[in-house]
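J.: Let me begin by handing over the structure; questions about it come next.
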Amino acid sequence: MARLEPLRPDPCPAKTRADLEWDRVLAALAERCTGPLGRDFALDLAFAETRDEARTWLAQSGEATRLLVAGRSLPSVEVDDVREAVERARVGGVLAPVELRALGRMLGAARALRRFLASRRADLPALFEACATDPTLDDLADEIDGCFEVDGALADHASPRLRELRGEWRAARQRMLSRMEDLMNRYEGIVQDRFVTEREGRWVLPVRSDAHERFPGIVHATSSSGSTLFVEPRAVIGMGNRLKVLEADVKREEEAVYARLTTLIADALPSVEAAAQALALADVRGATARLARDLDLTFPTVVDEPRLDLKRARHPLLALEMADGVVPSDVSLEAGHAIVVSGPNAGGKTVALKTMGLAALMIRAGLPVPCAEGSTIGLLDVVLTDVGDDQSLHKNLSTFSAHVKNLAEVLRETGRGALVLLDELAGGTDPREGEALAAGVLDSLCARGGAVAATTHYEGLKALALVDPRFVNASVGFDLATMTPTFELAMGVPGSSSALAVARRYGLPSTVIERAERFLTREDQSFEAMVQRLHDERAALELARAAADEREGEARRARTTLEAEIVAARSREKRVLSEEAIDLMERLRRARDDLREARARLRAKKADADTLREAERAVDRVAGAFAIGGAL
């Protein structure tokens, strides 16, 4: 077996990312995350760099999905984004209370996740290993949580010194308030109102401005009308000073508590970061499960060979928007081969390309795929695309020039393990030269080992796929009755652009259509006729297959009914036999009872031994006839 080359770290170049709208897939995943850590993780979701890593990620996603299907989900709470706080602790800064509490909640959530996974380790081994956190962080979480009240205030018991200082401050404040109450009673006539307030950090009383000279104290502020002065009584100035000193002491001790907690966090920083990462990963895996449920995603068989074999595949972004309206298609592609997709405009050719590309990327990112069971996807090295119009006025590039530039880059990057998706290959130029260029590009890409899918209107490429075993035709259908595309991709059959049929359906004069048909070469007409015959034959085969499937279904249902009837008949037979056996046993039991009774009567009459033996022989004959039971 050939040695497998390592996977490229990034299978999604910038153009591929834009062409396939990969960021929209990540946005859909992020929308289903619970918190900011998970959302940012999802929006910047990495691709697996090794085959083992890809399989491990898929295993994690699979476990989360099965858990959700079973009616459970990974524990996820919306914890705050703690990354800035972690960085501040790393450089020696002291964390603010809100940051400490956020880290405490994060560590508590990590503990809950660890315990949940530990209790289900047998069922969730990949998630248990990936989301493992340091159990010693539990003490740190308890320490942080214990230092704060429910409302977020720093608790008195955060340190013994803080409890002592706050006690002194409350006692001093109460003494001062009592003294203020006495002063309000004493100067009742000149105090504007009976309340104590604070101005410029000092405790004051509201005094009438026309009588403040009779109230000894320091004026700190006036009311907006000027009728009230806020005066600190001279009698409590010393008490106020003491309160200020105590407030400063309390503040310093609070800062000391914050510094101590920050040091504890800094000492365990690697474990703290790992806990945050584990929560983000669990959030993304839970979001993956919800995305799988919402879009009916499945986990295909993953192989090392660069190939795709998708059953009933759907474009994930269309599935997000249309729910039940996306037409599924089967598609199969392997290294060194190319699919030539043809058919009418707006028929779904480009959608088919993007579906293949997104499926390959989703597997590399550890995500399930919108396809049916039985699908197989290889771990592809890179996805290269040339989809869309890259005309650039700034760079003075025409549409065709931009495509050629992209094709040159794609050719340089293509090797075995590359998935190459080309939309309207070599279009936008002279048809004959464009067709020749397209054939040359496809030939070169296949020779380099790429798995290639290209859309085209070139009849030459369709014909090439009929004679070169490396190429296979595929088409999207068109319903001429309704003038609408079917969007279903049919492998092995070339498609028709249906331009003249569409023109006739939408009212172009028949004389114009007839003249156009005369301009078609005999080869063009023959090719179109052959394509139409292939489509007719495929439609007939589809009808025949549907009829065969229906007959098979009827036979399966009849067989199930017959098997059920057989089981019921056997059950009835067993029941009848059981009833007969019970009756037989009952008859034998009665015969034995009669024998015992006869023996008792004979003994009572003093019968001789010969008479008794004859009676016993008669009973044995009865038992032998029944062929059941044992000795009497």
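By order of appearance in the structure tokens: chains A, B, ..., then residues from 1 within every chain, and ligands from 1 in the order shown.
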Can you tell me, as a VMD selection string, what residues are no more than 8 Å from Gly428 (chain A) when counting only C-alpha atoms, ignoring any on the same chain fewer than 2 positions away?

T.: chain A and resid 399 to 400 426 430 434

J.: List every residue of region 115-229 of chain A that has an atom at most 6 Å from any atom of region 43-65 of chain A, giving for each one its closest atom pair and the distance in Å to one decimal, counting only C-alpha atoms, sorted by chain and then by ascending residue number, as a Markdown table.

T.:
| residue | atom | partner | partner_atom | distance |
| --- | --- | --- | --- | --- |
| A:Leu124 | CA | A:Glu63 | CA | 5.8 |
| A:Ala126 | CA | A:Gln60 | CA | 5.3 |
| A:Leu127 | CA | A:Gln60 | CA | 5.3 |

J.: Could you give me the residues within region 221-401 of chain A that DSSP places in helix (DSSP H, G or I), as a VMD selection string?

T.: chain A and resid 234 to 267 269 to 295 316 to 322 349 to 364 399 to 401

J.: Using only C-alpha atoms, which of A:Glu84, A:Glu99, A:Asp123, A:Asp381 sits nearest Thr414 (chain A)?

T.: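 Comparing A:Glu84, A:Glu99, A:Asp123, A:Asp381 against Thr414 (chain A), the winner is A:Asp381.
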
J.: For Gly388 (chain A), which of A:Asp330, A:Glu413, A:Asp468, A:Glu424 is the closest residue, counting only C-alpha atoms?

T.: A:Glu424
